[in-house]
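Structure file protein_30.txt; described as compact mmCIF, C-alpha atoms and all ligand atoms.
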# COMPACT_ATOMS: atom_id res chain seq x y z
CA MET A 1104 47.60 54.43 -49.87
CA SER A 1105 43.94 55.03 -50.69
CA LEU A 1106 41.32 52.69 -49.26
CA SER A 1107 40.25 51.34 -52.66
CA VAL A 1108 43.81 50.50 -53.64
CA ALA A 1109 44.56 49.04 -50.21
CA MET A 1110 41.49 46.80 -50.47
CA LYS A 1111 42.38 45.60 -53.95
CA GLU A 1112 46.09 45.07 -53.28
CA GLY A 1113 45.53 43.69 -49.80
CA SER A 1114 43.29 40.93 -51.14
CA ALA A 1115 45.12 40.16 -54.40
CA ALA A 1116 46.50 36.82 -53.15
CA GLU A 1117 43.10 35.80 -51.75
CA HIS A 1118 41.52 36.80 -55.07
CA ASP A 1119 43.93 34.64 -57.05
CA ALA A 1120 43.13 31.70 -54.77
CA ALA A 1121 39.37 32.25 -55.17
CA GLU A 1122 39.72 32.29 -58.96
CA GLN A 1123 41.46 28.93 -58.77
CA SER A 1124 38.99 27.26 -56.44
CA PRO A 1125 38.00 23.87 -57.90
CA PHE A 1126 34.28 24.53 -57.64
CA LEU A 1127 34.52 27.71 -59.74
CA THR A 1128 36.93 26.30 -62.30
CA GLU A 1129 34.85 23.14 -62.73
CA LEU A 1130 31.66 25.15 -63.00
CA LEU A 1131 33.11 27.51 -65.58
CA ASN A 1132 34.55 24.61 -67.56
CA GLY A 1133 31.09 23.09 -67.92
CA ARG A 1134 31.75 20.12 -65.65
CA VAL A 1135 29.12 20.87 -62.98
CA ALA A 1136 25.46 19.93 -63.41
CA ALA A 1137 22.63 22.40 -62.82
CA SER A 1138 22.06 20.82 -59.40
CA GLY A 1139 25.54 21.99 -58.34
CA TYR A 1140 24.80 25.52 -59.45
CA VAL A 1141 21.54 25.40 -57.49
CA ASP A 1142 23.54 24.43 -54.39
CA TYR A 1143 25.67 27.51 -54.97
CA LEU A 1144 22.62 29.78 -55.39
CA LEU A 1145 21.07 28.44 -52.19
CA ARG A 1146 24.20 29.39 -50.30
CA LEU A 1147 24.43 32.79 -51.95
CA ARG A 1148 20.84 33.36 -50.87
CA ILE A 1149 21.89 33.05 -47.22
CA VAL A 1150 24.90 35.30 -47.71
CA TYR A 1151 23.10 38.07 -49.61
CA GLY A 1152 20.09 37.89 -47.32
CA ALA A 1153 22.35 38.58 -44.34
CA LEU A 1154 24.50 41.15 -46.15
CA GLU A 1155 21.55 43.11 -47.46
CA ASP A 1156 19.75 43.05 -44.10
CA ALA A 1157 22.89 44.26 -42.34
CA VAL A 1158 23.54 47.04 -44.84
CA ARG A 1159 19.93 48.23 -44.79
CA ALA A 1160 19.88 48.24 -41.00
CA ARG A 1161 23.01 50.42 -40.87
CA ARG A 1162 22.41 52.67 -43.83
CA ASP A 1163 22.26 55.75 -41.58
CA ASP A 1164 25.89 55.20 -40.65
CA PRO A 1165 27.64 57.64 -43.05
CA VAL A 1166 30.29 55.05 -43.89
CA VAL A 1167 27.69 52.47 -44.88
CA ALA A 1168 25.59 55.15 -46.61
CA ALA A 1169 28.55 55.79 -48.94
CA VAL A 1170 28.11 52.35 -50.54
CA TYR A 1171 24.43 51.60 -49.84
CA ASP A 1172 22.51 51.30 -53.10
CA PRO A 1173 19.28 49.29 -53.38
CA VAL A 1174 19.87 48.56 -57.09
CA LEU A 1175 22.70 46.26 -56.05
CA GLU A 1176 20.47 44.01 -53.95
CA ARG A 1177 20.73 40.43 -55.20
CA LEU A 1178 18.21 38.54 -53.08
CA PRO A 1179 15.29 39.03 -55.53
CA ALA A 1180 17.58 38.06 -58.42
CA ILE A 1181 18.73 34.91 -56.62
CA ASP A 1182 15.11 33.93 -55.96
CA ALA A 1183 14.21 34.53 -59.60
CA ASP A 1184 17.19 32.41 -60.71
CA LEU A 1185 16.22 29.60 -58.33
CA ASP A 1186 12.72 29.66 -59.81
CA HIS A 1187 14.34 29.12 -63.19
CA TRP A 1188 16.96 26.51 -62.26
CA ALA A 1189 14.93 24.54 -59.73
CA PRO A 1190 11.24 25.52 -59.75
CA GLY A 1191 9.54 24.86 -56.43
CA ILE A 1192 12.72 23.80 -54.62
CA ALA A 1193 12.87 24.38 -50.83
CA ARG A 1194 15.12 27.34 -50.04
CA GLU A 1195 16.58 25.78 -46.90
CA VAL A 1196 20.06 24.35 -47.17
CA ASP A 1197 22.33 22.83 -44.57
CA SER A 1198 25.52 24.78 -45.10
CA PRO A 1199 27.94 25.36 -42.24
CA ALA A 1200 29.98 27.66 -44.50
CA ALA A 1201 27.01 29.88 -45.40
CA GLN A 1202 25.95 29.91 -41.77
CA ALA A 1203 29.40 31.01 -40.63
CA TYR A 1204 29.36 33.75 -43.29
CA ARG A 1205 25.93 34.90 -42.10
CA GLU A 1206 27.06 34.93 -38.48
CA ARG A 1207 30.06 37.06 -39.33
CA LEU A 1208 27.81 39.54 -41.14
CA THR A 1209 25.19 39.75 -38.42
CA GLY A 1210 27.88 40.31 -35.75
CA ILE A 1211 29.42 43.35 -37.41
CA THR A 1212 29.20 46.55 -35.40
CA TRP A 1213 31.77 48.70 -37.20
CA GLY A 1214 30.65 50.40 -40.44
CA PRO A 1215 33.88 49.95 -42.42
CA ALA A 1216 33.83 46.20 -41.69
CA LEU A 1217 30.44 45.99 -43.35
CA VAL A 1218 31.77 48.03 -46.26
CA ALA A 1219 34.57 45.44 -46.59
CA HIS A 1220 31.96 42.71 -47.11
CA HIS A 1221 29.92 44.90 -49.43
CA TYR A 1222 33.00 45.56 -51.57
CA THR A 1223 34.08 41.90 -51.68
CA ARG A 1224 30.76 40.64 -53.00
CA TYR A 1225 29.38 43.44 -55.15
CA LEU A 1226 32.60 44.67 -56.74
CA GLY A 1227 33.37 41.02 -57.45
CA ASP A 1228 29.93 40.55 -59.02
CA LEU A 1229 30.49 43.66 -61.12
CA SER A 1230 33.93 42.40 -62.21
CA GLY A 1231 34.67 38.69 -62.62
CA GLY A 1232 30.98 37.98 -62.02
CA GLN A 1233 30.10 39.60 -65.34
CA ALA A 1234 32.38 37.21 -67.19
CA MET A 1235 31.02 34.33 -65.15
CA GLY A 1236 27.46 35.09 -66.21
CA LYS A 1237 28.48 35.02 -69.90
CA ILE A 1238 30.31 31.73 -69.49
CA LEU A 1239 27.35 30.09 -67.72
CA ASP A 1240 25.05 31.36 -70.44
CA ARG A 1241 27.20 29.60 -73.04
CA GLU A 1242 27.93 26.42 -71.05
CA PHE A 1243 24.29 25.80 -70.15
CA GLY A 1244 22.75 27.24 -73.34
CA LEU A 1245 20.60 29.60 -71.30
CA ARG A 1246 20.06 32.44 -73.79
CA GLY A 1247 20.02 34.86 -70.88
CA ALA A 1248 17.48 33.01 -68.74
CA GLY A 1249 18.25 32.22 -65.10
CA LEU A 1250 21.07 34.74 -64.96
CA ALA A 1251 19.42 37.61 -63.10
CA PHE A 1252 22.14 37.41 -60.46
CA TYR A 1253 24.69 38.84 -62.93
CA ASP A 1254 22.39 41.47 -64.33
CA PHE A 1255 22.82 44.86 -62.66
CA PRO A 1256 20.93 47.91 -63.91
CA VAL A 1257 24.13 49.98 -64.02
CA ARG A 1258 26.96 50.70 -66.41
CA VAL A 1259 29.60 48.60 -64.77
CA LYS A 1260 32.82 50.50 -65.44
CA PRO A 1261 31.60 53.97 -64.36
CA TYR A 1262 29.77 52.42 -61.42
CA LYS A 1263 32.91 50.74 -60.13
CA ASP A 1264 34.94 53.91 -60.61
CA ALA A 1265 32.38 55.97 -58.67
CA TYR A 1266 32.23 53.28 -55.98
CA ARG A 1267 35.99 53.41 -55.49
CA ALA A 1268 35.84 57.22 -55.35
CA ARG A 1269 33.21 56.98 -52.62
CA LEU A 1270 35.42 54.55 -50.67
CA ASP A 1271 38.33 56.93 -50.98
CA GLY A 1272 36.18 59.85 -49.90
CA LEU A 1273 35.46 58.22 -46.54
CA GLY A 1274 38.65 59.68 -45.11
CA LEU A 1275 39.63 56.63 -43.07
CA ASN A 1276 43.02 56.87 -41.39
CA GLY A 1277 45.83 54.37 -41.88
CA GLU A 1278 44.83 52.22 -38.91
CA GLU A 1279 41.20 52.10 -40.04
CA ILE A 1280 42.24 51.23 -43.58
CA GLY A 1281 44.31 48.36 -42.19
CA ARG A 1282 41.36 47.02 -40.21
CA THR A 1283 39.10 47.33 -43.24
CA VAL A 1284 41.54 45.40 -45.42
CA ASP A 1285 41.73 42.72 -42.73
CA GLU A 1286 37.95 42.35 -42.96
CA VAL A 1287 38.15 42.08 -46.77
CA LYS A 1288 40.50 39.15 -46.20
CA VAL A 1289 37.99 37.63 -43.79
CA ALA A 1290 35.29 38.06 -46.45
CA PHE A 1291 37.44 36.28 -49.04
CA ALA A 1292 38.16 33.47 -46.56
CA LEU A 1293 34.42 33.03 -45.97
CA ASN A 1294 33.85 32.82 -49.72
CA GLN A 1295 36.69 30.34 -50.04
CA ALA A 1296 35.10 28.18 -47.33
CA LEU A 1297 31.86 28.30 -49.29
CA PHE A 1298 33.63 27.11 -52.45
CA ASP A 1299 35.49 24.41 -50.49
CA GLU A 1300 32.19 23.15 -49.12
CA LEU A 1301 30.69 23.09 -52.62
CA ALA A 1302 33.74 21.26 -53.96
CA GLU A 1303 33.14 18.44 -51.49
CA SER A 1304 29.89 17.55 -53.28
CA LEU A 1305 31.26 17.93 -56.81
CA PRO A 1306 31.14 14.14 -57.35
CA LEU A 1307 27.35 14.32 -56.86
CA HIS A 1308 27.01 17.02 -59.50
CA ARG A 1309 29.09 15.76 -62.41
CA ARG A 1310 28.08 16.70 -65.89
C1 LIG B 1401 36.33 32.71 -61.74
C2 LIG B 1401 36.55 33.49 -60.75
C3 LIG B 1401 36.90 34.93 -60.85
C4 LIG B 1401 37.38 35.65 -61.90
C5 LIG B 1401 37.69 35.16 -63.30
C6 LIG B 1401 37.55 37.00 -61.45
C7 LIG B 1401 38.03 38.02 -62.21
C8 LIG B 1401 38.16 39.33 -61.83
C9 LIG B 1401 38.70 40.39 -62.63
C10 LIG B 1401 39.19 40.23 -64.06
C11 LIG B 1401 38.67 41.50 -61.90
C12 LIG B 1401 39.21 42.88 -62.31
C13 LIG B 1401 38.13 43.69 -62.96
C14 LIG B 1401 38.49 45.15 -63.08
O1 LIG B 1401 39.63 45.54 -62.80
O2 LIG B 1401 37.59 45.91 -63.40
C15 LIG B 1401 38.12 41.16 -60.61
C16 LIG B 1401 37.90 42.04 -59.61
C17 LIG B 1401 37.38 41.70 -58.37
N1 LIG B 1401 37.00 40.44 -57.96
FE1 LIG B 1401 37.09 38.78 -59.03
N2 LIG B 1401 37.16 37.09 -60.14
C18 LIG B 1401 36.75 35.85 -59.74
C19 LIG B 1401 36.30 35.48 -58.51
C20 LIG B 1401 36.09 36.36 -57.48
C21 LIG B 1401 35.55 35.98 -56.19
C22 LIG B 1401 35.14 34.58 -55.79
C23 LIG B 1401 35.50 37.13 -55.44
C24 LIG B 1401 35.01 37.33 -54.05
C25 LIG B 1401 33.95 36.73 -53.54
C26 LIG B 1401 35.99 38.21 -56.28
C27 LIG B 1401 36.09 39.51 -55.89
C28 LIG B 1401 36.55 40.54 -56.67
C29 LIG B 1401 36.64 41.92 -56.23
C30 LIG B 1401 36.25 42.46 -54.87
C31 LIG B 1401 37.16 42.65 -57.30
C32 LIG B 1401 37.40 44.14 -57.35
C33 LIG B 1401 38.87 44.46 -57.19
C34 LIG B 1401 39.03 45.98 -57.19
O3 LIG B 1401 39.02 46.55 -58.26
O4 LIG B 1401 39.18 46.54 -56.12
N3 LIG B 1401 36.33 37.71 -57.49
N4 LIG B 1401 37.81 39.83 -60.61
Show me the file's structure as structure tokens.
Amino acid sequence: MSLSVAMKEGSAAEHDAAEQSPFLTELLNGRVAASGYVDYLLRLRIVYGALEDAVRARRDDPVVAAVYDPVLERLPAIDADLDHWAPGIAREVDSPAAQAYRERLTGITWGPALVAHHYTRYLGDLSGGQAMGKILDREFGLRGAGLAFYDFPVRVKPYKDAYRARLDGLGLNGEEIGRTVDEVKVAFALNQALFDELAESLPLHRR
């Protein structure tokens, strides 16, 4: 099985669970206040900061080079969105889940494991994330403002196809593919923990 198919199929159950996480479903049903979305952005800021640092630091590794693309970087977009949603807010947030995610990312020493995290976030942002941006736009009446996070300067469908082709061109063997899929599952679990943490404070962010 090719790497891209193994990654997708190997994380299908985790993906279904993520889609059903209460924080996301409440947010997309318009039942979370802006303050709850800000909490989410603050956590994403930690995750993308760590992911983008790690990827940049290892971009000479041919495996990481296959996915490295500065146009994907979300940290500037997250900062721009925070300026819109919560002007002047402190960027620090006490989030054990985001910290655990960051620690996992900073500890990675094997290129394909980093690719697993890259895939989980960016291909997600280029897939369900695109729908999420449209829903938030409607729910919060944003008219496109504060949604830089979802705005990639690429044509999504061809980009994702080319990305999968690059994954499949890496030539990983069966054992390496298995280890990479395991790390995709770890990445999904870290995202799930982030959503679980956010769900705990939903009562504070009712709308
Ligand atoms: C409301 C929540 C979500 C919805 C509605 C959603 C929806 C989707 C859809 C429809 C696709 C398929 C797109 C396509 O085939 O081109 C997809 C792909 C994907 N999603 Fe999500 N998603 C959600 C949450 C997440 C989360 C939380 C993550 C991980 C952090 C994630 C990661 C991914 C990945 C990695 C893919 C690419 C699968 C592949 O083609 O290999 N998604 N999502």
Open item on the list: At a cut-off of 9 Å around ligand LIG 1401 (chain B), and using all atoms listed in the file, what residues come up? Please write them as a PyMOL selection string.
Closed with: chain A and resi 1107-1112+1114-1115+1117-1124+1127-1128+1130-1131+1219-1235+1259-1260+1263-1264+1267+1287+1290-1295+1298
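Shell of segment 1169-1171 of chain A at 10 Å, with all atoms listed in the file counted and residues fewer than 3 places along the chain excluded, is A:Glu1155, A:Val1158, A:Arg1159, A:Arg1161, A:Arg1162, A:Asp1163, A:Asp1164, A:Pro1165, A:Val1166, A:Val1174, A:Leu1175, A:Glu1176, A:Leu1217, A:Val1218, A:His1221, A:Tyr1222, A:Ala1265, A:Tyr1266, A:Arg1267, A:Ala1268, A:Arg1269, A:Leu1270, A:Gly1272, A:Leu1273.
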Task: Residue contacts of segment 1240-1251 of chain A (10 Å, all atoms listed in the file) excluding same-chain residues fewer than 4 positions away, as JSON, numbers by chain - done: {"A": [1130, 1131, 1132, 1133, 1134, 1135, 1136, 1137, 1177, 1179, 1180, 1181, 1182, 1183, 1184, 1185, 1186, 1187, 1188, 1189, 1234, 1235, 1236, 1255]}
Open item on the list: So that I can check the surroundings of Pro1306 of chain A, please list as a ChimeraX atom specification every protein, DNA and RNA residue that reaches within 12 Å of it, counting only C-alpha atoms and ignoring chain neighbours fewer than 3 positions away.
Closed with: /A:1125-1126,1129,1134-1136,1138-1139,1301-1303,1309-1310
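Of the listed residues A:Val1289, A:Leu1239, A:Ile1192, A:Leu1144, the one whose atoms come nearest to Ala1216 of chain A is A:Val1289, with distances taken using all atoms listed in the file.
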Open item on the list: Rounded to one decimal, what separation in Å do you get between atom CA of Lys1288 of chain A and atom CA of Arg1205 of chain A?
Closed with: 15.7 Å
Open item on the list: Could you check the closest approach to Gly1152 of chain A for each of A:Arg1258, A:Glu1206, A:Glu1286, A:Pro1215 and tell me which residue wins, using only C-alpha atoms?
Closed with: A:Glu1206
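Here atom CA of Tyr1151 of chain A stands at a distance of 25.7 Å from atom CA of Leu1275 of chain A.
Atom CA of Tyr1253 of chain A is positioned 28.9 Å from atom CA of Thr1212 of chain A.
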For segment 1181-1197 of chain A, take all atoms listed in the file, fit an axis-aligned box around them, add 4 Å to each of the six sides, then output centre and edge lengths in Å rounded to one decimal, as AutoDock Vina command-line options.
--center_x 15.9 --center_y 28.9 --center_z -53.9 --size_x 20.8 --size_y 20.1 --size_z 26.6
